[in-house]
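Structure below is start-v1.txt: compact mmCIF, C-alpha atoms and all ligand atoms.
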# COMPACT_ATOMS: atom_id res chain seq x y z
CA MET A 1 -2.55 -8.37 -73.13
CA SER A 2 0.37 -10.77 -73.34
CA THR A 3 0.23 -13.52 -75.96
CA TYR A 4 1.73 -16.56 -74.29
CA LEU A 5 2.11 -15.89 -70.64
CA GLN A 6 -0.67 -15.17 -68.19
CA LEU A 7 0.48 -14.59 -64.63
CA ASP A 8 -1.93 -14.66 -61.75
CA THR A 9 -1.24 -12.50 -58.73
CA GLU A 10 0.21 -15.38 -56.72
CA THR A 11 2.71 -16.37 -59.45
CA ARG A 12 3.69 -12.74 -60.01
CA SER A 13 4.26 -12.33 -56.29
CA LEU A 14 6.39 -15.51 -56.23
CA ILE A 15 8.58 -14.22 -59.10
CA GLN A 16 9.01 -10.90 -57.35
CA GLY A 17 10.02 -12.70 -54.16
CA CYS A 18 12.61 -14.72 -56.11
CA MET A 19 14.04 -11.56 -57.64
CA ASP A 20 14.26 -9.96 -54.20
CA ASP A 21 16.21 -13.02 -53.08
CA LEU A 22 18.57 -12.64 -56.06
CA VAL A 23 19.50 -9.15 -54.85
CA GLU A 24 20.32 -10.59 -51.43
CA ILE A 25 22.17 -13.65 -52.78
CA PHE A 26 24.23 -11.97 -55.51
CA GLY A 27 24.45 -8.56 -53.90
CA ARG A 28 27.32 -7.17 -51.89
CA PRO A 29 27.11 -5.28 -48.64
CA CYS A 30 27.61 -1.54 -49.15
CA THR A 31 27.71 1.00 -46.37
CA LEU A 32 25.75 4.18 -46.91
CA VAL A 33 27.24 7.01 -44.89
CA TYR A 34 24.79 9.81 -44.15
CA PRO A 35 25.68 13.45 -43.33
CA ALA A 36 27.01 13.67 -39.78
CA ARG A 37 24.38 14.43 -37.17
CA MET A 38 25.29 17.40 -34.97
CA THR A 39 24.28 16.97 -31.35
CA PRO A 40 25.01 19.34 -28.44
CA CYS A 41 28.19 18.36 -26.59
CA GLU A 42 27.36 16.43 -23.45
CA ASN A 43 30.46 17.68 -21.68
CA CYS A 44 30.04 21.47 -21.74
CA VAL A 45 27.42 24.23 -21.55
CA TYR A 46 26.46 25.57 -24.97
CA ASP A 47 26.45 29.35 -25.50
CA THR A 48 23.45 30.27 -27.66
CA VAL A 49 24.87 33.76 -28.39
CA THR A 50 28.27 32.73 -29.76
CA GLN A 51 26.92 29.36 -30.94
CA LEU A 52 30.02 27.75 -29.46
CA SER A 53 30.91 26.06 -26.22
CA SER A 54 30.77 28.47 -23.25
CA ASN A 55 33.98 26.79 -22.05
CA ARG A 56 32.26 25.71 -18.87
CA TRP A 57 31.98 22.08 -17.81
CA ARG A 58 28.48 20.65 -17.77
CA SER A 59 27.91 19.13 -14.36
CA GLY A 60 27.94 15.35 -14.77
CA GLY A 61 29.80 15.47 -18.12
CA PRO A 62 32.37 12.69 -18.71
CA ILE A 63 35.56 14.85 -18.84
CA PRO A 64 35.68 17.65 -16.22
CA PHE A 65 37.84 20.65 -17.20
CA PRO A 66 38.62 24.09 -15.71
CA ASN A 67 36.33 26.99 -16.63
CA SER A 68 37.50 29.25 -19.48
CA THR A 69 39.50 26.48 -21.13
CA ALA A 70 38.37 24.66 -24.26
CA CYS A 71 36.16 21.66 -23.64
CA PRO A 72 38.36 18.61 -24.33
CA GLN A 73 35.43 16.66 -25.76
CA CYS A 74 34.39 19.08 -28.54
CA ASN A 75 37.46 21.38 -28.63
CA GLY A 76 35.23 24.36 -27.91
CA LYS A 77 32.80 23.80 -30.79
CA GLY A 78 29.86 22.99 -28.52
CA PHE A 79 28.69 20.22 -30.80
CA ALA A 80 29.64 16.65 -31.43
CA ALA A 81 29.40 15.19 -34.92
CA THR A 82 28.02 11.67 -34.92
CA GLU A 83 28.54 9.71 -38.11
CA VAL A 84 25.47 7.71 -39.06
CA SER A 85 25.74 4.82 -41.48
CA GLU A 86 23.83 1.78 -42.57
CA THR A 87 24.83 -1.32 -44.51
CA LEU A 88 22.51 -2.48 -47.30
CA THR A 89 22.87 -5.10 -50.00
CA PHE A 90 23.06 -4.05 -53.66
CA ILE A 91 23.94 -5.77 -56.91
CA CYS A 92 27.22 -4.08 -57.82
CA GLU A 93 28.88 -3.67 -61.21
CA THR A 94 32.22 -1.91 -61.62
CA ASP A 95 32.92 -2.58 -65.30
CA PRO A 96 31.59 0.53 -67.10
CA LYS A 97 31.22 -1.41 -70.36
CA LYS A 98 28.41 -3.35 -68.71
CA PHE A 99 26.33 -0.30 -67.88
CA ILE A 100 27.34 2.56 -70.18
CA ALA A 101 25.29 1.68 -73.24
CA PRO A 102 27.33 3.09 -76.17
CA PHE A 103 30.52 1.40 -74.99
CA ASN A 104 29.51 -2.22 -74.78
CA LYS A 105 30.03 -2.93 -78.48
CA LEU A 106 33.12 -0.74 -78.93
CA ALA A 107 36.71 -1.70 -78.18
CA LEU A 108 37.30 1.29 -75.94
CA THR A 109 39.38 1.42 -72.83
CA VAL A 110 37.17 2.85 -70.15
CA PRO A 111 38.84 4.08 -66.99
CA ALA A 112 37.78 2.31 -63.85
CA GLY A 113 36.23 4.32 -61.12
CA TYR A 114 32.51 3.90 -61.61
CA LEU A 115 30.13 1.70 -59.72
CA GLN A 116 26.55 0.93 -60.66
CA ILE A 117 24.34 -0.41 -57.94
CA LYS A 118 20.98 -2.09 -58.29
CA GLY A 119 18.67 -2.39 -55.36
CA ARG A 120 15.13 -2.16 -54.12
CA LEU A 121 13.10 0.91 -54.96
CA THR A 122 12.24 1.35 -51.28
CA ASP A 123 15.94 2.06 -50.58
CA ILE A 124 16.11 5.06 -52.96
CA PRO A 125 15.54 7.69 -50.21
CA LYS A 126 18.47 6.22 -48.27
CA VAL A 127 20.71 6.16 -51.35
CA GLU A 128 19.84 9.78 -52.15
CA ARG A 129 20.37 10.95 -48.58
CA ALA A 130 23.78 9.30 -48.22
CA GLU A 131 26.81 11.55 -48.43
CA PHE A 132 28.85 8.70 -49.86
CA LEU A 133 28.90 4.92 -50.18
CA LEU A 134 31.62 2.53 -49.01
CA TYR A 135 32.18 -0.39 -51.38
CA GLN A 136 34.47 -3.28 -50.42
CA ILE A 137 34.72 -1.85 -46.93
CA ASP A 138 36.75 1.31 -47.57
CA LYS A 139 36.43 2.39 -51.19
CA ARG A 140 34.53 5.65 -51.18
CA TYR A 141 32.05 6.43 -53.96
CA VAL A 142 29.71 9.39 -54.39
CA ARG A 143 26.46 9.38 -56.31
CA VAL A 144 26.71 10.99 -59.76
CA GLY A 145 23.31 10.04 -61.17
CA GLU A 146 19.68 9.70 -60.27
CA ALA A 147 18.36 6.44 -58.87
CA LEU A 148 15.99 5.32 -61.60
CA ASP A 149 13.72 2.43 -62.44
CA HIS A 150 13.53 2.30 -66.22
CA PHE A 151 14.73 -1.07 -67.38
CA ASN A 152 13.31 -3.66 -65.06
CA LEU A 153 11.38 -6.78 -65.81
CA VAL A 154 9.32 -6.06 -62.73
CA PRO A 155 8.41 -2.36 -62.76
CA ASN A 156 8.28 -0.19 -59.65
CA ARG A 157 10.41 -2.57 -57.62
CA TYR A 158 14.11 -2.01 -58.33
CA PHE A 159 16.38 0.91 -59.21
CA HIS A 160 19.87 1.39 -60.54
CA CYS A 161 22.17 4.27 -59.79
CA LEU A 162 25.68 5.37 -60.80
CA PHE A 163 28.48 6.25 -58.39
CA GLU A 164 31.98 7.61 -58.97
CA ARG A 165 35.13 6.77 -56.97
CA ARG A 166 36.31 9.55 -54.67
CA GLY A 167 39.12 8.24 -52.52
ZN ZN A 201 32.06 20.33 -25.30
Structure rendered as structure tokens:
Amino acid sequence: MSTYLQLDTETRSLIQGCMDDLVEIFGRPCTLVYPARMTPCENCVYDTVTQLSSNRWRSGGPIPFPNSTACPQCNGKGFAATEVSETLTFICETDPKKFIAPFNKLALTVPAGYLQIKGRLTDIPKVERAEFLLYQIDKRYVRVGEALDHFNLVPNRYFHCLFERRG
């Protein structure tokens, strides 16, 4: 039982709503890029034996081509890779001294290249499924840690997660 502060459900819910707003207000848009989705090429007939294009045009496909030549749409692979991405808002911190605990009181030079994001717990499955994250439009980061909720004022609502720069 807390000593000074008693929060009824309504007040607690209001505070949580305000904290959600803080993520939106102070957060930055980050693009999560998921593994490419492979869909059968719409321009050629797929060969289930070779698991490649049969090199025959699919009637009605957008780019007709002569039989026995490589499909110009998929280059004979029989599949098209569709990149799937989604932009979400996270609180972002790129100064490692702010999130790597032993360093914050030491005068160490920490190389740049890490990004810590904070976001809503409900977004964890998306963060874990993403192949990489785009920060400031084109800076590519990959996840190097688990998305965890272990420090928050409001438990079971937010997570933080560490990413590393990769191109
Ligand atoms: Zn094709």
For the point (19.0, 7.7, -63.0) in file coordinates, what residues are within 8 Å, counting all atoms listed in the file? Give the answer as a list in words?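 Returned residue set, sorted by chain then number, is Gly145, Glu146, Ala147, Leu148, Asp149, His160, Cys161 and Leu162 of chain A.
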Please, which residues have at least one atom within 10 Å of an atom of ligand ZN 201 (chain A), using all atoms listed in the file, listed as a PDB file with C-alpha atoms, keeping the file's coordinate frame?
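File selection-v2.pdb, as written:
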ATOM      1  CA  PRO A  40      25.010  19.340 -28.440  1.00  0.00           C
ATOM      2  CA  CYS A  41      28.190  18.360 -26.590  1.00  0.00           C
ATOM      3  CA  GLU A  42      27.360  16.430 -23.450  1.00  0.00           C
ATOM      4  CA  ASN A  43      30.460  17.680 -21.680  1.00  0.00           C
ATOM      5  CA  CYS A  44      30.040  21.470 -21.740  1.00  0.00           C
ATOM      6  CA  VAL A  45      27.420  24.230 -21.550  1.00  0.00           C
ATOM      7  CA  TYR A  46      26.460  25.570 -24.970  1.00  0.00           C
ATOM      8  CA  LEU A  52      30.020  27.750 -29.460  1.00  0.00           C
ATOM      9  CA  SER A  53      30.910  26.060 -26.220  1.00  0.00           C
ATOM     10  CA  SER A  54      30.770  28.470 -23.250  1.00  0.00           C
ATOM     11  CA  ASN A  55      33.980  26.790 -22.050  1.00  0.00           C
ATOM     12  CA  ARG A  56      32.260  25.710 -18.870  1.00  0.00           C
ATOM     13  CA  TRP A  57      31.980  22.080 -17.810  1.00  0.00           C
ATOM     14  CA  ARG A  58      28.480  20.650 -17.770  1.00  0.00           C
ATOM     15  CA  GLY A  61      29.800  15.470 -18.120  1.00  0.00           C
ATOM     16  CA  ILE A  63      35.560  14.850 -18.840  1.00  0.00           C
ATOM     17  CA  PHE A  65      37.840  20.650 -17.200  1.00  0.00           C
ATOM     18  CA  ALA A  70      38.370  24.660 -24.260  1.00  0.00           C
ATOM     19  CA  CYS A  71      36.160  21.660 -23.640  1.00  0.00           C
ATOM     20  CA  PRO A  72      38.360  18.610 -24.330  1.00  0.00           C
ATOM     21  CA  GLN A  73      35.430  16.660 -25.760  1.00  0.00           C
ATOM     22  CA  CYS A  74      34.390  19.080 -28.540  1.00  0.00           C
ATOM     23  CA  ASN A  75      37.460  21.380 -28.630  1.00  0.00           C
ATOM     24  CA  GLY A  76      35.230  24.360 -27.910  1.00  0.00           C
ATOM     25  CA  LYS A  77      32.800  23.800 -30.790  1.00  0.00           C
ATOM     26  CA  GLY A  78      29.860  22.990 -28.520  1.00  0.00           C
ATOM     27  CA  PHE A  79      28.690  20.220 -30.800  1.00  0.00           C
ATOM     28  CA  ALA A  80      29.640  16.650 -31.430  1.00  0.00           C
TER      29      ALA A  80
END
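Distance-wise, atom CA of Met19 of chain A and atom CA of Gln116 of chain A end up 17.9 Å apart.
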Residues at most 12 Å from Glu164 of chain A, counting all atoms listed in the file, excluding those fewer than 2 positions away in the same chain, as an MDAnalysis selection string? chainID A and resid 93:94 96 111:117 132:135 139:145 161:162 166:167
Can you tell me how far atom CA of Arg129 of chain A sits from atom CA of Arg37 of chain A, in Å to one decimal? 12.6 Å
For Ile124 of chain A, which of A:Gln136, A:Gln51, A:Asn156, A:Leu14 is the closest residue, counting all atoms listed in the file?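 Among the listed residues, the smallest separation from Ile124 of chain A belongs to A:Asn156.
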Residue with smallest distance to Arg28 of chain A - pool A:Leu121, A:Ile100, A:Val127, A:Leu88, counting only C-alpha atoms: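 Checking each candidate against Arg28 of chain A, we get A:Leu88 as the closest.
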Length of the atom CA of Phe159 of chain A to atom CA of Lys118 of chain A vector [Å]: 5.6 Å
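Residue nearest Phe99 of chain A within the list A:Arg12, A:Thr82, A:Phe163, A:Glu128: A:Phe163 [criterion: smallest interatomic distance, all atoms listed in the file].
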Identify, on the basis of only C-alpha atoms, every residue whose closest approach to Pro35 of chain A does not exceed 8 Å; exclude the query and any residue fewer than 3 positions from it along the same chain; express the result as a list in words.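 Returned residues: Glu83, Val84, Arg129, Ala130 and Glu131 of chain A.
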Segment 51-87 of chain A rebuilt with N, CA and C atoms, output as a JSON list (two decimals), in the frame of the given file:
[["chain", "number", "residue", "atom", "x", "y", "z"],
["A", 51, "GLN", "N", 27.15, 30.64, -30.27],
["A", 51, "GLN", "CA", 26.92, 29.36, -30.94],
["A", 51, "GLN", "C", 28.16, 28.47, -30.89],
["A", 52, "LEU", "N", 28.85, 28.59, -29.75],
["A", 52, "LEU", "CA", 30.02, 27.75, -29.46],
["A", 52, "LEU", "C", 29.88, 27.26, -28.03],
["A", 53, "SER", "N", 30.85, 26.46, -27.62],
["A", 53, "SER", "CA", 30.91, 26.06, -26.22],
["A", 53, "SER", "C", 31.15, 27.30, -25.36],
["A", 54, "SER", "N", 30.53, 27.36, -24.17],
["A", 54, "SER", "CA", 30.77, 28.47, -23.25],
["A", 54, "SER", "C", 32.07, 28.24, -22.47],
["A", 55, "ASN", "N", 32.75, 27.16, -22.76],
["A", 55, "ASN", "CA", 33.98, 26.79, -22.05],
["A", 55, "ASN", "C", 33.75, 26.57, -20.56],
["A", 56, "ARG", "N", 32.57, 26.10, -20.25],
["A", 56, "ARG", "CA", 32.26, 25.71, -18.87],
["A", 56, "ARG", "C", 31.80, 24.25, -18.88],
["A", 57, "TRP", "N", 32.32, 23.50, -17.91],
["A", 57, "TRP", "CA", 31.98, 22.08, -17.81],
["A", 57, "TRP", "C", 30.50, 21.91, -17.46],
["A", 58, "ARG", "N", 29.87, 20.99, -18.11],
["A", 58, "ARG", "CA", 28.48, 20.65, -17.77],
["A", 58, "ARG", "C", 28.52, 19.65, -16.63],
["A", 59, "SER", "N", 27.89, 20.00, -15.53],
["A", 59, "SER", "CA", 27.91, 19.13, -14.36],
["A", 59, "SER", "C", 27.46, 17.71, -14.73],
["A", 60, "GLY", "N", 28.28, 16.74, -14.43],
["A", 60, "GLY", "CA", 27.94, 15.35, -14.77],
["A", 60, "GLY", "C", 28.56, 14.90, -16.08],
["A", 61, "GLY", "N", 29.16, 15.83, -16.84],
["A", 61, "GLY", "CA", 29.80, 15.47, -18.12],
["A", 61, "GLY", "C", 30.98, 14.53, -17.88],
["A", 62, "PRO", "N", 31.37, 13.74, -18.90],
["A", 62, "PRO", "CA", 32.37, 12.69, -18.71],
["A", 62, "PRO", "C", 33.79, 13.19, -18.47],
["A", 63, "ILE", "N", 34.16, 14.39, -18.98],
["A", 63, "ILE", "CA", 35.56, 14.85, -18.84],
["A", 63, "ILE", "C", 35.56, 16.24, -18.19],
["A", 64, "PRO", "N", 35.65, 16.33, -16.86],
["A", 64, "PRO", "CA", 35.68, 17.65, -16.22],
["A", 64, "PRO", "C", 36.89, 18.46, -16.69],
["A", 65, "PHE", "N", 36.72, 19.78, -16.80],
["A", 65, "PHE", "CA", 37.84, 20.65, -17.20],
["A", 65, "PHE", "C", 37.64, 22.02, -16.55],
["A", 66, "PRO", "N", 38.74, 22.79, -16.38],
["A", 66, "PRO", "CA", 38.62, 24.09, -15.71],
["A", 66, "PRO", "C", 37.82, 25.07, -16.56],
["A", 67, "ASN", "N", 37.07, 25.95, -15.91],
["A", 67, "ASN", "CA", 36.33, 26.99, -16.63],
["A", 67, "ASN", "C", 37.28, 27.84, -17.48],
["A", 68, "SER", "N", 36.75, 28.37, -18.56],
["A", 68, "SER", "CA", 37.50, 29.25, -19.48],
["A", 68, "SER", "C", 38.60, 28.53, -20.25],
["A", 69, "THR", "N", 38.60, 27.21, -20.22],
["A", 69, "THR", "CA", 39.50, 26.48, -21.13],
["A", 69, "THR", "C", 38.61, 25.71, -22.10],
["A", 70, "ALA", "N", 39.18, 25.34, -23.24],
["A", 70, "ALA", "CA", 38.37, 24.66, -24.26],
["A", 70, "ALA", "C", 37.93, 23.28, -23.77],
["A", 71, "CYS", "N", 36.68, 22.98, -24.02],
["A", 71, "CYS", "CA", 36.16, 21.66, -23.64],
["A", 71, "CYS", "C", 36.96, 20.59, -24.39],
["A", 72, "PRO", "N", 37.54, 19.63, -23.66],
["A", 72, "PRO", "CA", 38.36, 18.61, -24.33],
["A", 72, "PRO", "C", 37.55, 17.65, -25.20],
["A", 73, "GLN", "N", 36.24, 17.60, -24.98],
["A", 73, "GLN", "CA", 35.43, 16.66, -25.76],
["A", 73, "GLN", "C", 35.11, 17.20, -27.16],
["A", 74, "CYS", "N", 34.80, 18.51, -27.24],
["A", 74, "CYS", "CA", 34.39, 19.08, -28.54],
["A", 74, "CYS", "C", 35.37, 20.14, -29.02],
["A", 75, "ASN", "N", 36.46, 20.34, -28.30],
["A", 75, "ASN", "CA", 37.46, 21.38, -28.63],
["A", 75, "ASN", "C", 36.83, 22.76, -28.75],
["A", 76, "GLY", "N", 35.82, 23.02, -27.95],
["A", 76, "GLY", "CA", 35.23, 24.36, -27.91],
["A", 76, "GLY", "C", 34.13, 24.60, -28.95],
["A", 77, "LYS", "N", 33.82, 23.60, -29.75],
["A", 77, "LYS", "CA", 32.80, 23.80, -30.79],
["A", 77, "LYS", "C", 31.38, 23.79, -30.21],
["A", 78, "GLY", "N", 31.18, 23.06, -29.13],
["A", 78, "GLY", "CA", 29.86, 22.99, -28.52],
["A", 78, "GLY", "C", 28.98, 21.90, -29.10],
["A", 79, "PHE", "N", 29.46, 21.29, -30.16],
["A", 79, "PHE", "CA", 28.69, 20.22, -30.80],
["A", 79, "PHE", "C", 29.57, 18.99, -31.00],
["A", 80, "ALA", "N", 28.94, 17.88, -31.09],
["A", 80, "ALA", "CA", 29.64, 16.65, -31.43],
["A", 80, "ALA", "C", 29.03, 16.12, -32.72],
["A", 81, "ALA", "N", 29.89, 15.74, -33.65],
["A", 81, "ALA", "CA", 29.40, 15.19, -34.92],
["A", 81, "ALA", "C", 29.35, 13.67, -34.80],
["A", 82, "THR", "N", 28.17, 13.12, -34.99],
["A", 82, "THR", "CA", 28.02, 11.67, -34.92],
["A", 82, "THR", "C", 27.80, 11.15, -36.33],
["A", 83, "GLU", "N", 28.69, 10.28, -36.77],
["A", 83, "GLU", "CA", 28.54, 9.71, -38.11],
["A", 83, "GLU", "C", 27.46, 8.62, -38.06],
["A", 84, "VAL", "N", 26.55, 8.70, -39.01],
["A", 84, "VAL", "CA", 25.47, 7.71, -39.06],
["A", 84, "VAL", "C", 25.60, 6.94, -40.36],
["A", 85, "SER", "N", 25.63, 5.63, -40.26],
["A", 85, "SER", "CA", 25.74, 4.82, -41.48],
["A", 85, "SER", "C", 24.87, 3.58, -41.37],
["A", 86, "GLU", "N", 24.70, 2.95, -42.50],
["A", 86, "GLU", "CA", 23.83, 1.78, -42.57],
["A", 86, "GLU", "C", 24.34, 0.89, -43.69],
["A", 87, "THR", "N", 24.34, -0.41, -43.47],
["A", 87, "THR", "CA", 24.83, -1.32, -44.51],
["A", 87, "THR", "C", 23.65, -2.01, -45.18]]
